[in-house]
>>> print(open('final-v8.cif').read())   # mmCIF, C-alpha atoms and all ligand atoms
data_work
loop_
_atom_site.group_PDB
_atom_site.id
_atom_site.type_symbol
_atom_site.label_atom_id
_atom_site.label_comp_id
_atom_site.auth_asym_id
_atom_site.auth_seq_id
_atom_site.Cartn_x
_atom_site.Cartn_y
_atom_site.Cartn_z
ATOM 1 C CA MET A 182 37.921 -89.007 -25.419
ATOM 2 C CA ARG A 183 37.020 -85.348 -25.023
ATOM 3 C CA THR A 184 39.757 -82.692 -25.274
ATOM 4 C CA PRO A 185 39.630 -80.160 -22.425
ATOM 5 C CA PHE A 186 38.500 -76.747 -23.610
ATOM 6 C CA ILE A 187 39.186 -73.532 -21.692
ATOM 7 C CA ALA A 188 37.671 -70.335 -23.058
ATOM 8 C CA GLY A 189 37.907 -66.780 -21.813
ATOM 9 C CA ASN A 190 34.856 -64.529 -21.886
ATOM 10 C CA TRP A 191 36.048 -60.949 -21.798
ATOM 11 C CA LYS A 192 32.510 -59.537 -21.565
ATOM 12 C CA MET A 193 32.592 -55.720 -22.069
ATOM 13 C CA PHE A 194 36.237 -55.251 -21.171
ATOM 14 C CA LYS A 195 39.322 -54.061 -23.087
ATOM 15 C CA THR A 196 39.797 -51.675 -25.964
ATOM 16 C CA THR A 197 41.410 -52.991 -29.131
ATOM 17 C CA LYS A 198 44.756 -51.582 -27.998
ATOM 18 C CA GLU A 199 44.450 -53.456 -24.698
ATOM 19 C CA ALA A 200 43.370 -56.627 -26.492
ATOM 20 C CA VAL A 201 46.423 -56.557 -28.749
ATOM 21 C CA GLU A 202 48.666 -55.974 -25.728
ATOM 22 C CA PHE A 203 47.057 -58.983 -24.019
ATOM 23 C CA ALA A 204 47.612 -61.110 -27.132
ATOM 24 C CA SER A 205 51.286 -60.301 -27.395
ATOM 25 C CA VAL A 206 51.972 -61.196 -23.748
ATOM 26 C CA PHE A 207 49.692 -64.236 -23.896
ATOM 27 C CA ARG A 208 51.470 -65.613 -26.967
ATOM 28 C CA THR A 209 54.814 -65.516 -25.201
ATOM 29 C CA LEU A 210 53.355 -67.512 -22.284
ATOM 30 C CA TYR A 211 51.221 -69.892 -24.321
ATOM 31 C CA LYS A 212 52.638 -73.301 -25.213
ATOM 32 C CA ASP A 213 50.771 -75.641 -27.496
ATOM 33 C CA THR A 214 49.157 -78.136 -25.176
ATOM 34 C CA ASP A 215 46.460 -80.768 -25.332
ATOM 35 C CA VAL A 216 44.035 -78.165 -24.014
ATOM 36 C CA LYS A 217 41.939 -76.257 -26.547
ATOM 37 C CA THR A 218 41.905 -72.509 -25.871
ATOM 38 C CA ALA A 219 39.783 -69.607 -27.081
ATOM 39 C CA ILE A 220 39.215 -65.967 -26.249
ATOM 40 C CA CYS A 221 35.664 -64.655 -26.686
ATOM 41 C CA ALA A 222 36.092 -60.925 -27.168
ATOM 42 C CA PRO A 223 33.835 -57.951 -27.907
ATOM 43 C CA PHE A 224 33.002 -57.547 -31.610
ATOM 44 C CA THR A 225 35.281 -54.564 -32.210
ATOM 45 C CA GLN A 226 38.377 -56.516 -31.156
ATOM 46 C CA LEU A 227 37.806 -59.682 -33.164
ATOM 47 C CA ALA A 228 39.619 -58.703 -36.360
ATOM 48 C CA ALA A 229 42.695 -57.436 -34.502
ATOM 49 C CA LEU A 230 42.797 -60.563 -32.328
ATOM 50 C CA LYS A 231 42.436 -62.829 -35.356
ATOM 51 C CA GLU A 232 45.611 -61.301 -36.692
ATOM 52 C CA ALA A 233 47.350 -61.292 -33.317
ATOM 53 C CA PHE A 234 46.654 -65.033 -32.812
ATOM 54 C CA SER A 235 47.454 -66.076 -36.401
ATOM 55 C CA GLY A 236 49.877 -68.970 -36.652
ATOM 56 C CA SER A 237 48.925 -70.181 -33.169
ATOM 57 C CA SER A 238 46.284 -72.678 -32.061
ATOM 58 C CA ILE A 239 44.485 -70.055 -29.956
ATOM 59 C CA LYS A 240 40.910 -69.831 -31.216
ATOM 60 C CA LEU A 241 38.627 -66.844 -31.384
ATOM 61 C CA GLY A 242 35.067 -66.460 -30.180
ATOM 62 C CA ALA A 243 32.328 -63.824 -30.182
ATOM 63 C CA GLN A 244 29.924 -63.329 -27.284
ATOM 64 C CA ASN A 245 26.626 -63.015 -29.154
ATOM 65 C CA MET A 246 25.138 -62.691 -32.644
ATOM 66 C CA HIS A 247 21.744 -62.205 -34.281
ATOM 67 C CA PHE A 248 19.671 -65.146 -35.467
ATOM 68 C CA GLU A 249 18.650 -63.626 -38.813
ATOM 69 C CA GLU A 250 20.916 -63.849 -41.836
ATOM 70 C CA LYS A 251 20.763 -60.093 -42.501
ATOM 71 C CA GLY A 252 18.267 -57.245 -42.332
ATOM 72 C CA ALA A 253 17.148 -54.047 -40.678
ATOM 73 C CA TYR A 254 18.348 -54.870 -37.152
ATOM 74 C CA THR A 255 20.184 -51.761 -36.032
ATOM 75 C CA GLY A 256 23.139 -52.500 -33.817
ATOM 76 C CA GLU A 257 23.188 -56.253 -34.441
ATOM 77 C CA ILE A 258 25.918 -58.510 -35.841
ATOM 78 C CA SER A 259 25.258 -61.497 -38.107
ATOM 79 C CA ALA A 260 26.867 -64.926 -38.270
ATOM 80 C CA ASP A 261 28.094 -64.085 -41.762
ATOM 81 C CA MET A 262 29.981 -61.073 -40.420
ATOM 82 C CA LEU A 263 31.629 -63.207 -37.739
ATOM 83 C CA ASP A 264 32.386 -65.911 -40.252
ATOM 84 C CA GLU A 265 34.165 -63.409 -42.498
ATOM 85 C CA ILE A 266 36.559 -62.509 -39.680
ATOM 86 C CA GLY A 267 37.242 -66.194 -39.062
ATOM 87 C CA VAL A 268 35.535 -66.534 -35.694
ATOM 88 C CA ASP A 269 35.489 -70.157 -34.487
ATOM 89 C CA TYR A 270 33.094 -69.938 -31.526
ATOM 90 C CA CYS A 271 30.190 -67.832 -30.348
ATOM 91 C CA ILE A 272 28.802 -67.738 -26.811
ATOM 92 C CA ILE A 273 25.031 -68.107 -27.008
ATOM 93 C CA GLY A 274 22.532 -67.501 -24.218
ATOM 94 C CA HIS A 275 24.907 -66.186 -21.582
ATOM 95 C CA SER A 276 22.928 -65.423 -18.428
ATOM 96 C CA GLU A 277 23.846 -61.727 -18.698
ATOM 97 C CA ARG A 278 22.137 -61.629 -22.091
ATOM 98 C CA ARG A 279 19.156 -63.575 -20.767
ATOM 99 C CA GLN A 280 18.943 -61.221 -17.774
ATOM 100 C CA TYR A 281 19.626 -57.795 -19.320
ATOM 101 C CA PHE A 282 18.874 -58.162 -23.050
ATOM 102 C CA CYS A 283 15.670 -60.181 -23.228
ATOM 103 C CA GLU A 284 17.366 -63.343 -24.528
ATOM 104 C CA THR A 285 14.908 -66.230 -24.338
ATOM 105 C CA ASP A 286 15.152 -69.960 -24.956
ATOM 106 C CA GLU A 287 13.444 -69.295 -28.284
ATOM 107 C CA THR A 288 16.036 -66.764 -29.492
ATOM 108 C CA VAL A 289 18.818 -68.955 -28.111
ATOM 109 C CA ASN A 290 17.493 -71.861 -30.148
ATOM 110 C CA LYS A 291 17.365 -69.761 -33.339
ATOM 111 C CA LYS A 292 20.911 -68.538 -32.737
ATOM 112 C CA LEU A 293 22.203 -72.094 -32.279
ATOM 113 C CA HIS A 294 20.692 -73.037 -35.635
ATOM 114 C CA LYS A 295 22.278 -70.003 -37.276
ATOM 115 C CA CYS A 296 25.706 -70.778 -35.799
ATOM 116 C CA PHE A 297 25.640 -74.272 -37.265
ATOM 117 C CA GLU A 298 24.609 -72.934 -40.700
ATOM 118 C CA HIS A 299 27.823 -70.898 -40.627
ATOM 119 C CA ASN A 300 30.101 -73.496 -39.080
ATOM 120 C CA ILE A 301 30.563 -71.436 -35.945
ATOM 121 C CA THR A 302 30.678 -73.619 -32.835
ATOM 122 C CA PRO A 303 28.227 -72.357 -30.229
ATOM 123 C CA ILE A 304 29.114 -72.259 -26.552
ATOM 124 C CA LEU A 305 25.637 -72.547 -25.081
ATOM 125 C CA CYS A 306 25.273 -71.218 -21.531
ATOM 126 C CA VAL A 307 22.724 -72.637 -19.118
ATOM 127 C CA GLY A 308 22.324 -72.252 -15.369
ATOM 128 C CA GLU A 309 20.018 -71.357 -12.516
ATOM 129 C CA THR A 310 19.622 -68.309 -10.259
ATOM 130 C CA LEU A 311 20.321 -68.445 -6.521
ATOM 131 C CA GLU A 312 16.602 -68.294 -5.794
ATOM 132 C CA GLN A 313 15.928 -71.243 -8.073
ATOM 133 C CA ARG A 314 18.732 -73.230 -6.416
ATOM 134 C CA ASP A 315 17.468 -72.406 -2.929
ATOM 135 C CA ASP A 316 13.987 -73.524 -3.983
ATOM 136 C CA GLY A 317 15.400 -76.858 -5.147
ATOM 137 C CA LEU A 318 14.703 -76.002 -8.790
ATOM 138 C CA ALA A 319 18.253 -75.977 -10.240
ATOM 139 C CA GLU A 320 17.886 -79.309 -12.018
ATOM 140 C CA VAL A 321 14.414 -78.598 -13.402
ATOM 141 C CA VAL A 322 15.490 -75.176 -14.721
ATOM 142 C CA VAL A 323 18.565 -76.521 -16.494
ATOM 143 C CA ARG A 324 16.651 -79.478 -17.945
ATOM 144 C CA ILE A 325 14.042 -77.095 -19.389
ATOM 145 C CA GLN A 326 16.763 -74.850 -20.857
ATOM 146 C CA MET A 327 18.384 -77.890 -22.466
ATOM 147 C CA ARG A 328 15.141 -79.138 -23.974
ATOM 148 C CA GLU A 329 14.051 -75.737 -25.294
ATOM 149 C CA ASP A 330 17.462 -74.480 -26.447
ATOM 150 C CA LEU A 331 18.330 -77.635 -28.385
ATOM 151 C CA LYS A 332 14.926 -77.975 -30.089
ATOM 152 C CA THR A 333 15.138 -79.464 -33.616
ATOM 153 C CA LEU A 334 18.956 -79.531 -33.639
ATOM 154 C CA THR A 335 20.245 -82.705 -35.280
ATOM 155 C CA ALA A 336 22.358 -85.276 -33.476
ATOM 156 C CA GLU A 337 25.333 -84.336 -35.656
ATOM 157 C CA GLN A 338 24.986 -80.686 -34.612
ATOM 158 C CA VAL A 339 24.626 -81.485 -30.928
ATOM 159 C CA LYS A 340 27.813 -83.578 -31.043
ATOM 160 C CA LYS A 341 29.724 -80.402 -31.947
ATOM 161 C CA LEU A 342 28.087 -78.247 -29.302
ATOM 162 C CA VAL A 343 29.932 -76.843 -26.295
ATOM 163 C CA ILE A 344 27.738 -76.324 -23.237
ATOM 164 C CA ALA A 345 28.764 -74.149 -20.303
ATOM 165 C CA TYR A 346 27.058 -74.727 -16.988
ATOM 166 C CA GLU A 347 27.125 -71.301 -15.369
ATOM 167 C CA PRO A 348 25.185 -70.990 -12.121
ATOM 168 C CA ILE A 349 24.191 -67.316 -12.070
ATOM 169 C CA TRP A 350 24.965 -67.025 -8.360
ATOM 170 C CA ALA A 351 28.605 -67.917 -9.006
ATOM 171 C CA ILE A 352 29.264 -65.423 -11.814
ATOM 172 C CA GLY A 353 31.473 -62.500 -10.862
ATOM 173 C CA THR A 354 30.625 -63.046 -7.208
ATOM 174 C CA GLY A 355 33.790 -64.844 -6.149
ATOM 175 C CA ARG A 356 31.460 -67.563 -4.922
ATOM 176 C CA THR A 357 32.377 -70.670 -6.929
ATOM 177 C CA ALA A 358 30.127 -73.693 -7.023
ATOM 178 C CA THR A 359 31.873 -76.477 -5.144
ATOM 179 C CA PRO A 360 33.546 -78.948 -7.488
ATOM 180 C CA GLN A 361 30.887 -81.464 -6.402
ATOM 181 C CA GLN A 362 27.994 -79.100 -7.215
ATOM 182 C CA ALA A 363 29.539 -78.206 -10.586
ATOM 183 C CA ASN A 364 30.222 -81.864 -11.351
ATOM 184 C CA GLU A 365 26.682 -82.867 -10.447
ATOM 185 C CA MET A 366 25.126 -80.267 -12.725
ATOM 186 C CA CYS A 367 27.484 -81.021 -15.631
ATOM 187 C CA GLY A 368 26.486 -84.670 -15.164
ATOM 188 C CA LEU A 369 22.837 -83.671 -15.246
ATOM 189 C CA ILE A 370 23.416 -81.800 -18.510
ATOM 190 C CA ARG A 371 25.030 -84.885 -20.011
ATOM 191 C CA SER A 372 22.199 -87.098 -18.853
ATOM 192 C CA SER A 373 19.662 -84.747 -20.403
ATOM 193 C CA ILE A 374 21.550 -85.105 -23.704
ATOM 194 C CA VAL A 375 21.352 -88.885 -23.278
ATOM 195 C CA GLU A 376 17.578 -88.560 -22.924
ATOM 196 C CA LEU A 377 17.263 -86.261 -25.928
ATOM 197 C CA TYR A 378 19.877 -87.743 -28.289
ATOM 198 C CA GLY A 379 21.254 -90.978 -26.825
ATOM 199 C CA ASP A 380 24.555 -92.119 -25.313
ATOM 200 C CA GLU A 381 26.774 -91.787 -28.356
ATOM 201 C CA VAL A 382 25.933 -88.106 -28.892
ATOM 202 C CA SER A 383 26.232 -87.293 -25.191
ATOM 203 C CA GLU A 384 29.752 -88.737 -25.048
ATOM 204 C CA GLU A 385 30.983 -86.186 -27.592
ATOM 205 C CA VAL A 386 29.565 -82.992 -26.122
ATOM 206 C CA LEU A 387 32.054 -80.789 -24.278
ATOM 207 C CA ILE A 388 30.659 -79.472 -21.014
ATOM 208 C CA GLN A 389 32.375 -76.555 -19.310
ATOM 209 C CA TYR A 390 31.868 -75.041 -15.894
ATOM 210 C CA GLY A 391 31.813 -71.246 -15.558
ATOM 211 C CA GLY A 392 31.559 -68.994 -12.498
ATOM 212 C CA SER A 393 34.505 -67.517 -10.595
ATOM 213 C CA VAL A 394 37.040 -69.944 -12.077
ATOM 214 C CA LYS A 395 40.531 -68.768 -11.119
ATOM 215 C CA PRO A 396 44.063 -70.186 -10.941
ATOM 216 C CA SER A 397 43.494 -71.338 -7.357
ATOM 217 C CA ASN A 398 40.436 -73.505 -8.089
ATOM 218 C CA ALA A 399 40.953 -74.557 -11.721
ATOM 219 C CA THR A 400 42.770 -77.831 -11.005
ATOM 220 C CA GLU A 401 40.140 -79.118 -8.643
ATOM 221 C CA LEU A 402 37.302 -78.236 -10.989
ATOM 222 C CA MET A 403 39.051 -79.636 -14.068
ATOM 223 C CA ASN A 404 39.790 -82.906 -12.282
ATOM 224 C CA MET A 405 36.095 -83.611 -11.828
ATOM 225 C CA GLU A 406 34.792 -86.463 -13.932
ATOM 226 C CA GLU A 407 31.981 -84.593 -15.699
ATOM 227 C CA ILE A 408 33.770 -81.265 -16.269
ATOM 228 C CA ASP A 409 35.534 -80.968 -19.633
ATOM 229 C CA GLY A 410 36.551 -77.349 -19.470
ATOM 230 C CA ALA A 411 35.926 -73.878 -18.160
ATOM 231 C CA LEU A 412 34.388 -70.624 -19.337
ATOM 232 C CA VAL A 413 36.387 -67.984 -17.521
ATOM 233 C CA GLY A 414 35.296 -64.373 -17.032
ATOM 234 C CA GLY A 415 37.357 -62.080 -14.816
ATOM 235 C CA ALA A 416 40.415 -64.336 -14.616
ATOM 236 C CA SER A 417 40.764 -64.416 -18.416
ATOM 237 C CA LEU A 418 41.544 -60.693 -18.546
ATOM 238 C CA LYS A 419 45.109 -61.087 -17.305
ATOM 239 C CA PRO A 420 47.389 -63.282 -19.434
ATOM 240 C CA GLU A 421 49.292 -64.491 -16.345
ATOM 241 C CA ASP A 422 46.084 -65.699 -14.670
ATOM 242 C CA PHE A 423 44.506 -67.180 -17.760
ATOM 243 C CA ILE A 424 47.636 -69.157 -18.646
ATOM 244 C CA GLN A 425 47.690 -70.708 -15.176
ATOM 245 C CA ILE A 426 44.119 -71.897 -15.673
ATOM 246 C CA ILE A 427 44.993 -73.411 -19.044
ATOM 247 C CA ASP A 428 47.977 -75.145 -17.446
ATOM 248 C CA PHE A 429 45.726 -76.426 -14.631
HETATM 249 P P1 LIG B 1 33.506 -64.927 -13.816
HETATM 250 O O1 LIG B 1 34.582 -65.943 -14.096
HETATM 251 O O2 LIG B 1 34.003 -63.520 -13.816
HETATM 252 O O3 LIG B 1 32.699 -65.307 -12.609
HETATM 253 O O4 LIG B 1 32.481 -65.002 -15.073
HETATM 254 C C1 LIG B 1 31.984 -66.221 -15.471
HETATM 255 C C2 LIG B 1 31.279 -66.070 -16.764
HETATM 256 O O5 LIG B 1 30.215 -65.473 -16.808
HETATM 257 C C3 LIG B 1 31.908 -66.602 -17.965
HETATM 258 O O6 LIG B 1 31.034 -66.571 -19.048
#
>>> encode(input="final-v8.cif", output="structure tokens", more="lines below")
Ligand code: 13P
Amino acid sequence: MRTPFIAGNWKMFKTTKEAVEFASVFRTLYKDTDVKTAICAPFTQLAALKEAFSGSSIKLGAQNMHFEEKGAYTGEISADMLDEIGVDYCIIGHSERRQYFCETDETVNKKLHKCFEHNITPILCVGETLEQRDDGLAEVVVRIQMREDLKTLTAEQVKKLVIAYEPIWAIGTGRTATPQQANEMCGLIRSSIVELYGDEVSEEVLIQYGGSVKPSNATELMNMEEIDGALVGGASLKPEDFIQIIDF
């Protein structure tokens, strides 16, 4: 039985002051539920949020990290640095990083390995562009991402993985995939894990949907058979909206 997991991705929003304000309101609204919750915040807010969420079951995530242990990589952040703060999750391979920051399946794969070395749970993002979907290539694209991104990960590691299906055409556009489309693609992701690692492993992997999830569509999406959770962008910035999604 997989526990639903709803994570917020704040992207490049909020100062530390704003993050702490969010946390104090969010904590008053948040009730311990059977739903796992995390906020994936910009690096500079992680330490303050760790403190603000202490004593609660709200988990903390980063949005990226480097794949090397340490070194002359100006402007980068290592897994060790995240680990020291007590970060639980790290988003890896978000489409915005693939699109604007030269993230490739190869670097994604290296980052997944590094996360597991440091006991940070990766939230791996996969998904197709609108052009690829219109050309009937959505399934092929996501299958290739799965195969390349997971390369040489062990079955035990893959069991712990969180995967977010995020169709690029539904991110920040207000255009949500229909629950059926999202369900179909999350099912495809699970079946590609069956092919790569077998049934038992595939049953454990949490698969989220991400792309314009909001209070008004969360219930329908979360009720779909293959969808175990959501990765929420814009609607995670307001505590009142995010709490409604968690309480779907
Ligand atoms: P929106 O919810 O703002 O569409 O963003 C989705 C996303 O990219 C989450 O990682």
>>> residues_around(input="final-v8.cif", residues="Ile427 (chain A)", least_positions_apart="2", cutoff="9 Å", atoms="all atoms listed in the file", output="VMD selection string")
chain A and resid 186 to 188 211 214 216 to 218 396 399 422 to 425 429
>>> resolve_selection(input="final-v8.cif", expression="the PyMOL selection byres (((chain A and resi 370) around 9) and not hetatm)", output="PyMOL selection string")
chain A and resi 320+323-324+327+344+346+365-369+371-375+388
>>> closest_residue(input="final-v8.cif", among="A:Lys212, A:Arg278, A:Arg356, A:Lys192", to="Gly242 (chain A)", atoms="all atoms listed in the file")
A:Lys192
>>> closest_atom_pairs(input="final-v8.cif", of="chain A", to="ligand LIG 1 (chain B)", cutoff="6 Å", atoms="all atoms listed in the file", output="CSV")
residue,atom,partner,partner_atom,distance
A:Asn190,CA,B:LIG1,O6,5.2
A:Ile352,CA,B:LIG1,O3,3.5
A:Gly353,CA,B:LIG1,O3,3.5
A:Gly391,CA,B:LIG1,C1,5.0
A:Gly392,CA,B:LIG1,O3,3.9
A:Ser393,CA,B:LIG1,O3,3.5
A:Val394,CA,B:LIG1,O1,5.1
A:Leu412,CA,B:LIG1,C3,4.9
A:Val413,CA,B:LIG1,O1,4.4
A:Gly414,CA,B:LIG1,O1,3.4
A:Gly415,CA,B:LIG1,O2,3.8
>>> residues_near_point(input="final-v8.cif", point="(26.4, -82.3, -33.2)", cutoff="10 Å", atoms="all atoms listed in the file", output="NGL selection string")
:A and (297 or 302 or 334-343 or 378 or 382-383 or 385-386)
